[in-house]
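Everything below belongs to entry-v6.txt, which stores compact mmCIF, C-alpha atoms.
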# COMPACT_ATOMS: atom_id res chain seq x y z
CA ALA A 1 -2.78 -34.40 5.04
CA ASN A 2 -1.00 -35.94 2.08
CA PRO A 3 -1.44 -34.32 -1.30
CA LYS A 4 -3.47 -36.03 -3.98
CA SER A 5 -1.12 -37.19 -6.72
CA HIS A 6 -2.30 -37.25 -10.31
CA GLY A 7 0.18 -39.42 -12.24
CA LEU A 8 3.90 -39.42 -11.53
CA THR A 9 5.12 -37.78 -8.33
CA ALA A 10 8.44 -36.18 -7.57
CA SER A 11 9.60 -39.13 -5.48
CA CYS A 12 9.54 -41.69 -8.31
CA CYS A 13 11.42 -39.85 -11.04
CA HIS A 14 14.50 -37.69 -11.36
CA PHE A 15 13.55 -34.13 -12.17
CA ALA A 16 15.67 -31.00 -12.40
CA MET A 17 13.55 -28.92 -9.99
CA LYS A 18 10.35 -28.92 -7.98
CA LEU A 19 7.94 -26.22 -9.19
CA LEU A 20 4.80 -25.18 -7.33
CA ILE A 21 2.06 -23.73 -9.56
CA VAL A 22 -0.26 -21.22 -7.85
CA PRO A 23 -3.03 -19.97 -10.18
CA LEU A 24 -5.96 -17.72 -9.33
CA ILE A 25 -8.98 -19.70 -10.54
CA SER A 26 -12.00 -17.97 -9.12
CA ARG A 27 -14.84 -19.90 -10.73
CA THR A 28 -15.76 -23.50 -11.35
CA SER A 29 -16.23 -22.65 -15.02
CA PRO A 30 -13.05 -22.57 -17.15
CA SER A 31 -11.09 -19.34 -16.82
CA ALA A 32 -8.15 -17.84 -18.65
CA SER A 33 -5.92 -18.67 -15.68
CA ALA A 34 -6.93 -22.34 -15.75
CA SER A 35 -6.26 -22.58 -19.49
CA ILE A 36 -2.88 -20.84 -19.32
CA PHE A 37 -1.65 -22.98 -16.44
CA GLU A 38 -2.87 -26.20 -18.04
CA ASN A 39 -0.57 -25.38 -20.95
CA ILE A 40 2.27 -24.36 -18.64
CA VAL A 41 2.01 -27.63 -16.70
CA SER A 42 2.06 -29.65 -19.93
CA VAL A 43 5.28 -27.89 -20.99
CA ILE A 44 7.24 -28.05 -17.72
CA ARG A 45 6.22 -31.44 -16.30
CA THR A 46 8.52 -33.36 -18.65
CA ARG A 47 11.57 -31.78 -17.03
CA HIS A 48 10.43 -30.81 -13.56
CA ALA A 49 8.36 -32.19 -10.71
CA VAL A 50 5.17 -30.14 -10.51
CA GLY A 51 2.86 -29.42 -7.61
CA ILE A 52 -0.22 -27.25 -7.90
CA CYS A 53 -2.18 -25.47 -5.18
CA THR A 54 -5.79 -25.05 -6.35
CA HIS A 55 -9.38 -25.81 -5.40
CA LEU A 56 -10.05 -27.38 -8.80
CA GLU A 57 -9.45 -31.14 -8.89
CA GLY A 58 -9.31 -33.09 -12.11
CA ARG A 59 -8.12 -30.33 -14.44
CA PHE A 60 -4.41 -30.92 -13.88
CA HIS A 61 -2.64 -34.23 -14.41
CA HIS A 62 0.78 -35.69 -13.56
CA VAL A 63 1.10 -33.28 -10.63
CA SER A 64 0.98 -33.32 -6.85
CA LEU A 65 -2.23 -31.53 -5.91
CA TYR A 66 -2.63 -29.36 -2.80
CA HIS A 67 -6.00 -27.95 -1.88
CA SER A 68 -6.62 -24.21 -1.57
CA PRO A 69 -9.70 -22.15 -0.68
CA SER A 70 -11.90 -20.90 -3.48
CA PRO A 71 -12.30 -17.11 -3.69
CA LYS A 72 -15.91 -16.01 -3.50
CA GLU A 73 -17.05 -13.60 -6.20
CA GLN A 74 -18.22 -10.22 -4.93
CA ARG A 75 -20.60 -7.79 -6.60
CA PHE A 76 -20.23 -4.04 -6.59
CA SER A 77 -20.79 -1.11 -8.89
CA ARG A 78 -19.63 -1.31 -12.48
CA LYS A 79 -17.31 1.70 -12.28
CA ASP A 80 -14.94 -0.15 -9.96
CA HIS A 81 -14.08 -2.60 -12.73
CA ARG A 82 -11.92 0.04 -14.39
CA SER A 83 -8.78 -1.08 -12.56
CA PHE A 84 -7.12 -4.47 -12.25
CA GLU A 85 -7.42 -4.08 -8.49
CA GLY A 86 -11.18 -3.61 -8.84
CA TRP A 87 -11.37 -6.75 -10.99
CA LEU A 88 -9.41 -8.76 -8.41
CA LYS A 89 -11.69 -7.61 -5.61
CA GLN A 90 -14.76 -8.51 -7.65
CA GLU A 91 -13.28 -11.98 -8.24
CA GLY A 92 -12.90 -12.42 -4.48
CA GLY A 93 -9.12 -12.53 -4.54
CA ALA A 94 -8.59 -9.42 -2.38
CA SER A 95 -10.63 -10.12 0.78
CA LEU A 96 -8.74 -10.40 4.06
CA GLN A 97 -10.44 -13.66 5.05
CA TYR A 98 -9.62 -15.32 1.74
CA LEU A 99 -6.00 -14.11 1.81
CA LYS A 100 -5.45 -15.48 5.33
CA GLU A 101 -7.00 -18.84 4.41
CA ASP A 102 -4.98 -18.95 1.22
CA ALA A 103 -1.75 -18.15 3.07
CA ALA A 104 -2.33 -21.12 5.37
CA ALA A 105 -3.01 -23.42 2.40
CA LEU A 106 0.09 -22.17 0.59
CA GLN A 107 2.28 -22.66 3.65
CA HIS A 108 1.03 -26.25 3.91
CA ALA A 109 1.80 -26.84 0.23
CA MET A 110 5.32 -25.43 0.63
CA ASP A 111 5.96 -27.49 3.78
CA SER A 112 4.79 -30.66 2.02
CA PHE A 113 6.20 -30.19 -1.48
CA HIS A 114 9.39 -28.21 -0.71
CA PRO A 115 9.41 -26.32 -4.03
CA ASP A 116 12.53 -24.76 -5.52
CA LEU A 117 10.49 -22.22 -7.46
CA ILE A 118 6.91 -20.89 -7.60
CA ILE A 119 4.95 -19.75 -10.66
CA THR A 120 1.79 -17.71 -10.06
CA ASP A 121 -0.45 -15.04 -11.56
CA SER A 122 -2.81 -13.14 -9.25
CA ARG A 123 -2.66 -15.11 -5.98
CA ILE A 124 -1.58 -12.23 -3.74
CA ALA A 125 -0.87 -14.33 -0.63
CA VAL A 126 1.84 -16.39 -2.30
CA ILE A 127 4.25 -13.46 -2.60
CA PRO A 128 4.83 -12.73 1.12
CA VAL A 129 4.50 -16.43 2.07
CA ALA A 130 7.15 -17.41 -0.47
CA ARG A 131 9.41 -14.61 0.74
CA ARG A 132 9.15 -15.93 4.31
CA ASN A 133 10.22 -19.32 3.04
CA GLY A 134 13.01 -18.02 0.83
CA ILE A 135 11.46 -19.35 -2.39
CA PRO A 136 11.78 -17.32 -5.61
CA VAL A 137 8.58 -16.38 -7.44
CA ILE A 138 7.89 -16.02 -11.16
CA THR A 139 4.63 -14.16 -11.76
CA LEU A 140 2.53 -13.63 -14.85
CA VAL A 141 1.40 -10.02 -15.28
CA HIS A 142 -1.24 -8.33 -17.43
CA SER A 143 -1.14 -4.96 -19.14
CA THR A 144 -4.11 -3.67 -17.13
CA MET A 145 -1.97 -3.83 -13.96
CA TYR A 146 0.00 -0.91 -15.36
CA HIS A 147 -2.85 1.32 -16.53
CA ARG A 148 -3.44 4.71 -14.95
CA ALA A 149 -7.01 3.94 -13.94
CA GLU A 150 -7.98 5.20 -10.51
CA VAL A 151 -7.87 2.52 -7.81
CA PRO A 152 -10.57 2.97 -5.13
CA SER A 153 -8.94 2.61 -1.71
CA PHE A 154 -11.45 -0.02 -0.58
CA CYS A 155 -10.20 -2.34 -3.35
CA LEU A 156 -6.85 -2.58 -1.55
CA LYS A 157 -8.16 -2.56 2.03
CA GLY A 158 -8.09 -6.34 2.47
CA ILE A 159 -4.75 -6.71 0.69
CA ASN A 160 -3.04 -4.06 2.80
CA ALA A 161 -4.49 -5.50 6.01
CA PHE A 162 -3.12 -8.90 5.01
CA LEU A 163 0.28 -7.48 4.10
CA SER A 164 0.44 -5.72 7.48
CA SER A 165 -0.30 -9.03 9.24
CA MET A 166 2.63 -10.54 7.34
CA GLY A 167 4.97 -7.71 8.32
CA GLU A 168 4.95 -6.28 4.80
CA GLY A 169 4.62 -2.66 3.71
CA GLN A 170 1.47 -1.08 2.31
CA ILE A 171 0.90 -0.67 -1.43
CA LEU A 172 -0.97 1.85 -3.58
CA ARG A 173 -1.13 -0.39 -6.68
CA LEU A 174 -0.79 -4.14 -7.13
CA ARG A 175 2.11 -3.60 -9.49
CA ASP A 176 4.10 -2.35 -6.48
CA LEU A 177 3.73 -5.79 -4.90
CA TYR A 178 4.66 -7.56 -8.13
CA LEU A 179 7.87 -5.56 -8.28
CA THR A 180 9.07 -7.64 -5.33
CA CYS A 181 8.76 -10.88 -7.34
CA ASP A 182 11.93 -12.34 -8.82
CA TYR A 183 10.66 -12.49 -12.39
CA ARG A 184 7.70 -11.05 -14.30
CA ILE A 185 6.34 -12.48 -17.55
CA GLY A 186 3.87 -10.78 -19.88
CA PHE A 187 2.23 -12.46 -22.88
CA GLY A 188 1.63 -11.01 -26.31
CA THR A 189 3.49 -8.27 -28.16
CA VAL A 190 4.06 -4.56 -27.70
CA GLN A 191 1.34 -4.03 -30.29
CA THR A 192 -1.37 -6.09 -28.55
CA ASP A 193 -0.33 -6.02 -24.88
CA PRO A 194 1.77 -2.94 -24.13
CA PHE A 195 3.71 -2.40 -20.91
CA PRO A 196 5.52 0.77 -19.81
CA SER A 197 9.07 0.84 -21.13
CA SER A 198 10.39 1.30 -17.60
CA THR A 199 9.09 -2.09 -16.43
CA SER A 200 11.31 -5.15 -16.31
CA ILE A 201 9.04 -7.72 -17.94
CA THR A 202 10.04 -10.69 -20.07
CA ARG A 203 7.72 -11.22 -23.02
CA ILE A 204 6.44 -14.53 -24.31
CA GLY A 205 4.33 -14.23 -27.43
CA MET A 206 2.09 -17.29 -27.27
CA MET A 207 0.19 -18.91 -24.40
CA THR A 208 0.60 -22.26 -26.15
CA LEU A 209 3.03 -24.10 -28.45
CA SER A 210 3.83 -22.78 -31.91
CA GLN A 211 4.05 -26.19 -33.62
CA LEU A 212 0.32 -26.78 -33.24
CA SER A 213 -1.51 -26.91 -36.56
CA ILE A 214 -3.12 -23.73 -37.88
CA ARG A 215 -6.76 -23.47 -38.85
CA ASN A 216 -7.83 -25.29 -41.98
CA ASP A 217 -11.62 -25.14 -42.14
CA SER A 218 -14.54 -22.76 -41.74
CA THR A 219 -15.50 -23.70 -38.17
CA VAL A 220 -16.92 -20.90 -36.01
CA SER A 221 -16.19 -20.96 -32.26
CA ILE A 222 -18.43 -19.05 -29.84
CA PHE A 223 -16.72 -19.19 -26.45
CA LEU A 224 -18.10 -16.94 -23.71
CA THR A 225 -16.50 -17.33 -20.27
CA GLU A 226 -17.90 -14.24 -18.52
CA PRO A 227 -20.90 -13.35 -20.69
CA SER A 228 -22.75 -10.08 -20.30
CA ILE A 229 -25.54 -11.57 -22.41
CA PRO A 230 -28.26 -13.78 -20.84
CA ALA A 231 -27.93 -17.41 -21.94
CA ARG A 232 -31.43 -17.56 -23.46
CA ARG A 233 -30.76 -14.50 -25.61
CA LEU A 234 -27.37 -15.88 -26.65
CA ILE A 235 -28.88 -19.22 -27.73
CA ARG A 236 -31.71 -17.54 -29.62
CA VAL A 237 -29.43 -15.23 -31.60
CA VAL A 238 -26.90 -17.99 -32.32
CA LYS A 239 -29.60 -20.32 -33.63
CA GLU A 240 -31.17 -17.63 -35.81
CA ALA A 241 -27.79 -16.64 -37.20
CA PHE A 242 -26.04 -19.99 -37.68
CA LEU A 243 -28.44 -22.95 -37.55
CA GLY A 244 -28.26 -24.74 -40.91
CA ALA A 245 -25.17 -22.83 -42.10
CA PRO A 246 -22.71 -24.83 -44.28
CA PHE A 247 -20.12 -24.99 -41.49
CA GLU A 248 -19.84 -26.30 -37.95
CA VAL A 249 -20.40 -23.97 -34.98
CA TYR A 250 -19.19 -24.77 -31.47
CA ILE A 251 -20.78 -22.89 -28.57
CA SER A 252 -19.72 -22.75 -24.92
CA TYR A 253 -20.88 -20.58 -22.04
CA PRO A 254 -21.14 -21.04 -18.25
CA GLY A 255 -23.67 -23.77 -17.49
CA CYS A 256 -23.77 -24.97 -21.10
CA GLN A 257 -24.97 -28.57 -21.46
CA THR A 258 -23.43 -30.77 -24.15
CA SER A 259 -25.81 -31.27 -27.09
CA ASN A 260 -25.97 -31.13 -30.88
CA GLN A 261 -28.52 -29.55 -33.20
CA CYS A 262 -27.71 -29.91 -36.87
CA ASN A 263 -24.45 -27.96 -37.34
CA LEU A 264 -24.57 -26.40 -33.85
CA HIS A 265 -22.52 -28.15 -31.17
CA PHE A 266 -22.95 -27.04 -27.55
CA ILE A 267 -19.95 -28.02 -25.40
CA ASN A 268 -19.36 -27.62 -21.68
CA GLU A 269 -16.12 -25.64 -21.98
CA PRO A 270 -13.99 -23.92 -24.63
CA LYS A 271 -11.49 -26.13 -26.42
CA GLU A 272 -8.20 -24.68 -27.59
CA SER A 273 -7.94 -27.29 -30.36
CA LEU A 274 -11.10 -25.85 -31.95
CA LEU A 275 -9.67 -22.34 -31.91
CA HIS A 276 -6.68 -23.40 -34.01
CA ARG A 277 -8.91 -24.41 -36.90
CA SER A 278 -11.60 -21.76 -36.56
CA SER A 279 -12.26 -19.22 -39.28
CA ILE A 280 -13.75 -16.87 -36.66
CA CYS A 281 -14.03 -16.82 -32.88
CA ILE A 282 -16.74 -14.93 -31.01
CA HIS A 283 -15.81 -14.37 -27.35
CA ASP A 284 -15.94 -11.89 -24.51
CA GLY A 285 -12.34 -10.70 -24.24
CA SER A 286 -10.71 -13.60 -22.41
CA PRO A 287 -6.92 -13.01 -22.28
CA PHE A 288 -6.28 -16.64 -23.21
CA ILE A 289 -8.70 -16.78 -26.14
CA THR A 290 -7.51 -13.38 -27.42
CA ASN A 291 -3.89 -14.54 -27.33
CA ILE A 292 -4.61 -17.84 -29.09
CA CYS A 293 -6.61 -16.07 -31.80
CA HIS A 294 -3.83 -13.55 -32.37
CA SER A 295 -1.21 -16.31 -32.37
CA PHE A 296 -3.02 -18.36 -35.03
CA ALA A 297 -4.44 -15.42 -37.03
CA VAL A 298 -8.07 -16.14 -36.18
CA PRO A 299 -10.39 -13.11 -36.64
CA GLN A 300 -12.25 -12.18 -33.47
CA ILE A 301 -15.67 -10.78 -32.70
CA ILE A 302 -15.57 -9.57 -29.10
CA ILE A 303 -18.63 -8.88 -26.97
CA PRO A 304 -16.92 -7.37 -23.90
CA SER A 305 -18.03 -7.92 -20.33
CA THR A 306 -17.75 -5.24 -17.63
CA SER A 307 -14.26 -6.23 -16.45
CA CYS A 308 -11.29 -4.02 -17.28
CA ILE A 309 -9.45 -7.04 -18.72
CA SER A 310 -12.26 -7.85 -21.15
CA ARG A 311 -12.59 -4.22 -22.23
CA PHE A 312 -8.81 -3.93 -22.64
CA HIS A 313 -8.73 -6.81 -25.12
CA ALA A 314 -11.76 -5.46 -26.96
CA PHE A 315 -10.01 -2.09 -27.31
CA SER A 316 -6.77 -3.79 -28.42
CA VAL A 317 -8.54 -5.83 -31.11
CA ARG A 318 -10.34 -2.74 -32.40
CA ARG A 319 -7.17 -0.60 -32.33
CA ASN A 320 -5.08 -3.22 -34.11
CA GLY A 321 -7.72 -4.04 -36.71
CA SER A 322 -7.71 -7.76 -35.85
CA GLY A 323 -11.43 -8.12 -35.32
CA VAL A 324 -14.77 -6.49 -34.57
CA VAL A 325 -16.21 -5.35 -31.24
CA ILE A 326 -19.96 -5.55 -30.54
CA ASP A 327 -21.62 -3.84 -27.61
CA PRO A 328 -23.68 -6.38 -25.59
CA ASP A 329 -26.78 -4.21 -26.07
CA GLN A 330 -26.35 -4.51 -29.85
CA PHE A 331 -26.00 -8.30 -29.90
CA ASP A 332 -28.55 -9.38 -32.49
CA VAL A 333 -28.65 -11.30 -35.77
CA PRO A 334 -28.04 -8.35 -38.18
CA THR A 335 -25.05 -7.15 -36.11
CA ILE A 336 -23.55 -10.64 -35.97
CA TYR A 337 -24.03 -11.07 -39.73
CA GLU A 338 -22.26 -7.78 -40.44
CA ALA A 339 -19.39 -8.55 -38.05
CA TYR A 340 -19.00 -12.04 -39.55
CA ARG A 341 -18.95 -10.62 -43.09
CA THR A 342 -16.32 -8.04 -42.10
CA CYS A 343 -14.05 -10.72 -40.62
CA ILE A 344 -14.34 -12.90 -43.73
CA VAL A 345 -13.99 -10.36 -46.56
CA ASN A 346 -11.96 -7.49 -45.08
CA THR A 347 -8.48 -7.91 -46.59
CA SER A 348 -6.97 -5.23 -44.33
CA LEU A 349 -8.13 -7.15 -41.26
CA GLN A 350 -6.58 -10.34 -42.61
CA GLU A 351 -3.28 -8.57 -43.27
CA HIS A 352 -3.22 -7.10 -39.76
CA LEU A 353 -3.88 -10.56 -38.33
CA ARG A 354 -1.04 -12.18 -40.27
CA HIS A 355 1.34 -9.49 -39.05
CA ILE A 356 0.24 -9.87 -35.41
CA SER A 357 0.53 -13.65 -35.66
CA SER A 358 4.09 -13.42 -37.00
CA GLU A 359 5.02 -10.99 -34.21
CA HIS A 360 3.65 -13.40 -31.59
CA LEU A 361 5.76 -16.16 -33.07
CA LYS A 362 8.87 -13.97 -32.99
CA GLN A 363 8.31 -13.51 -29.24
CA SER A 364 8.43 -17.32 -28.87
CA ASP A 365 5.93 -19.71 -27.33
CA LEU A 366 5.60 -21.36 -23.91
CA THR A 367 8.85 -23.27 -24.34
CA GLU A 368 10.53 -19.94 -23.56
CA LEU A 369 9.38 -20.49 -19.98
CA LEU A 370 11.78 -23.45 -19.75
CA HIS A 371 14.69 -21.07 -20.39
CA VAL A 372 13.46 -18.74 -17.64
CA ILE A 373 13.18 -21.66 -15.21
CA ALA A 374 16.65 -22.93 -16.18
CA SER A 375 18.19 -19.73 -14.83
CA TYR A 376 17.16 -20.90 -11.33
CA GLU A 377 18.66 -24.38 -11.60
Let me see the file written as structure tokens.
Amino acid sequence: ANPKSHGLTASCCHFAMKLLIVPLISRTSPSASASIFENIVSVIRTRHAVGICTHLEGRFHHVSLYHSPSPKEQRFSRKDHRSFEGWLKQEGGASLQYLKEDAAALQHAMDSFHPDLIITDSRIAVIPVARRNGIPVITLVHSTMYHRAEVPSFCLKGINAFLSSMGEGQILRLRDLYLTCDYRIGFGTVQTDPFPSSTSITRIGMMTLSQLSIRNDSTVSIFLTEPSIPARRLIRVVKEAFLGAPFEVYISYPGCQTSNQCNLHFINEPKESLLHRSSICIHDGSPFITNICHSFAVPQIIIPSTSCISRFHAFSVRRNGSGVVIDPDQFDVPTIYEAYRTCIVNTSLQEHLRHISSEHLKQSDLTELLHVIASYE
């Protein structure tokens, strides 16, 4: 089957290289992966032909689109979320059936698009499939991949079975597989997103472009992508806390329907442009939202979910003094008021934020990715 083409295709323009984007987007609601790769595509498509292998249609433009299976979310006990491997299994990205189906979809995309280079994050199947086809892989990595948390063996069962079927060796941690990639990129700074000194990881500070305007008003953004708070409770507390306040409040959560009530604006997905001008952002530890807030010195109030990634960012924000963390069980109007007041009046928090923002800028923005790609031309 021919790929669906959104905008210009590789055949009608002269591009330096053909890049295949392979993100792990496990839900129909916006995820950090979707947001990061939307920004990556916008940066690289002016110089390179871009194909993307995903089950989400309509989010990416000016690309050749190749369909992939959608991982099916799995539920298991909370303790298994302590490791990145446990998170990936819960997201459905580690099951043997999914990995085999994904490998077939990826092989079709490679046969059709003939990429010179692949950029991915947590799509496990792409690594051995790309190696079979002799295509180099750049992968995005997260600090939680390198934590010492115990990895239950069943979290890797499907991955190791898949690797065996591909003639690959077994792994004890996902980071062992990522070591076989040609290039690894981590976002943030040593302060916010530490990696072991022994790892060979190229840092990029910002998940967006640095020339975007900084915040200039008192807007509050409430963006929950994996909420641990029931929607009805969230809406009730938000209305009690912010309805009628002398500033605009934008709220997004899974299943949110677009509507307006006085100064409250419910939107169907988070918008990065709103983050840039927010005075405060309330979220649940999304890597993308955390990075954007740190990059543009926006104070954060984090209500962490059960995933290790969410809890990592909550811990990082608390440790670095760049925001406030609220336990989901304590999410009520008095707690929100106190957290909001702290973010507004705490001068130490503001100073820490300005320092973190400047460090992110020193580590460059997404244009740095163009230099990494150029090394493969």
Of A:Thr46, A:Ser198, A:Ser252, A:Ser357, the one nearest to Val298 (chain A) when counting only C-alpha atoms is A:Ser357
At a cut-off of 10 Å, using all atoms listed in the file, what residues contact Tyr340 (chain A)? Leave out same-chain residues fewer than 6 positions from it and give the result as number ranges by chain.
A: 220, 279-282, 299-301, 323-324, 334
For a quick check of understanding, using only C-alpha atoms, which of A:Thr202, A:Asn320, A:Asn291, A:Ile302 has the smallest distance to Ile336 (chain A)?
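Counting only C-alpha atoms, the residue closest to Ile336 (chain A) is A:Ile302.
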Of the listed residues A:His62, A:Lys271, A:Lys72, A:Arg318, that which approaches Pro304 (chain A) most closely, counting only C-alpha atoms:
A:Arg318
Selected residue, from A:Pro23, A:Ala49, A:Ser197, A:Arg131, that lies nearest to Asp102 (chain A) when counting all atoms listed in the file
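Counting all atoms listed in the file, the residue closest to Asp102 (chain A) is A:Pro23.
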Go through A:Ile356, A:Ile303, A:Ile124, A:Ile222 one by one, measure the shortest atom-to-atom distance of each to Glu269 (chain A) using only C-alpha atoms, and give the residue with the smallest value.
A:Ile222
Contacts of Pro136 (chain A) within 10 Å, all atoms listed in the file, excl. fewer than 6 positions in-chain, as number ranges by chain
A: 115-119, 127, 130, 181-183, 376
Between A:Ala94, A:Ser210, A:Leu65, A:Phe84, which residue has the minimum interatomic distance to Leu106 (chain A), considering all atoms listed in the file?
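Closest to Leu106 (chain A), using all atoms listed in the file: A:Leu65.
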Neighbour list for Cys155 (chain A) as an mmCIF file with C-alpha atoms, in the coordinates of the input, cut-off 9 Å, only C-alpha atoms, skip fewer than 4 positions in-chain:
data_model
loop_
_atom_site.group_PDB
_atom_site.id
_atom_site.type_symbol
_atom_site.label_atom_id
_atom_site.label_comp_id
_atom_site.auth_asym_id
_atom_site.auth_seq_id
_atom_site.Cartn_x
_atom_site.Cartn_y
_atom_site.Cartn_z
ATOM 1 C CA ASP A 80 -14.940 -0.150 -9.960
ATOM 2 C CA GLU A 85 -7.420 -4.080 -8.490
ATOM 3 C CA GLY A 86 -11.180 -3.610 -8.840
ATOM 4 C CA TRP A 87 -11.370 -6.750 -10.990
ATOM 5 C CA LEU A 88 -9.410 -8.760 -8.410
ATOM 6 C CA LYS A 89 -11.690 -7.610 -5.610
ATOM 7 C CA GLN A 90 -14.760 -8.510 -7.650
ATOM 8 C CA ALA A 94 -8.590 -9.420 -2.380
ATOM 9 C CA SER A 95 -10.630 -10.120 0.780
ATOM 10 C CA VAL A 151 -7.870 2.520 -7.810
ATOM 11 C CA ILE A 159 -4.750 -6.710 0.690
#
CA of Asn160 (chain A) to CA of Lys100 (chain A), straight-line distance in Å
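Those two atoms sit 11.9 Å apart.
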List as an mmCIF file with C-alpha atoms, keeping the file's coordinate frame the protein and nucleic acid residues near Ile289 (chain A), meaning an atom at most 10 Å away when all atoms listed in the file are counted, but skip any in the same chain fewer than 2 places from it.
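Below is the file that was written, part34.cif:
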data_model
loop_
_atom_site.group_PDB
_atom_site.id
_atom_site.type_symbol
_atom_site.label_atom_id
_atom_site.label_comp_id
_atom_site.auth_asym_id
_atom_site.auth_seq_id
_atom_site.Cartn_x
_atom_site.Cartn_y
_atom_site.Cartn_z
ATOM 1 C CA SER A 31 -11.090 -19.340 -16.820
ATOM 2 C CA ALA A 32 -8.150 -17.840 -18.650
ATOM 3 C CA SER A 35 -6.260 -22.580 -19.490
ATOM 4 C CA ILE A 36 -2.880 -20.840 -19.320
ATOM 5 C CA MET A 207 0.190 -18.910 -24.400
ATOM 6 C CA PHE A 223 -16.720 -19.190 -26.450
ATOM 7 C CA LEU A 224 -18.100 -16.940 -23.710
ATOM 8 C CA THR A 225 -16.500 -17.330 -20.270
ATOM 9 C CA PRO A 270 -13.990 -23.920 -24.630
ATOM 10 C CA LYS A 271 -11.490 -26.130 -26.420
ATOM 11 C CA GLU A 272 -8.200 -24.680 -27.590
ATOM 12 C CA LEU A 275 -9.670 -22.340 -31.910
ATOM 13 C CA CYS A 281 -14.030 -16.820 -32.880
ATOM 14 C CA ILE A 282 -16.740 -14.930 -31.010
ATOM 15 C CA HIS A 283 -15.810 -14.370 -27.350
ATOM 16 C CA ASP A 284 -15.940 -11.890 -24.510
ATOM 17 C CA GLY A 285 -12.340 -10.700 -24.240
ATOM 18 C CA SER A 286 -10.710 -13.600 -22.410
ATOM 19 C CA PRO A 287 -6.920 -13.010 -22.280
ATOM 20 C CA ASN A 291 -3.890 -14.540 -27.330
ATOM 21 C CA ILE A 292 -4.610 -17.840 -29.090
ATOM 22 C CA CYS A 293 -6.610 -16.070 -31.800
ATOM 23 C CA HIS A 294 -3.830 -13.550 -32.370
ATOM 24 C CA SER A 295 -1.210 -16.310 -32.370
ATOM 25 C CA GLN A 300 -12.250 -12.180 -33.470
#
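What separates CA of Ile344 (chain A) from CA of Ser143 (chain A) is a distance of 29.0 Å.
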Counting all atoms listed in the file, I want the residues whose atoms come within 12 Å of (5.0, -12.3, -2.0) in the file frame, returned as number ranges by chain.
A: 22, 99, 103, 106, 118-139, 159, 162-163, 166-169, 174-183
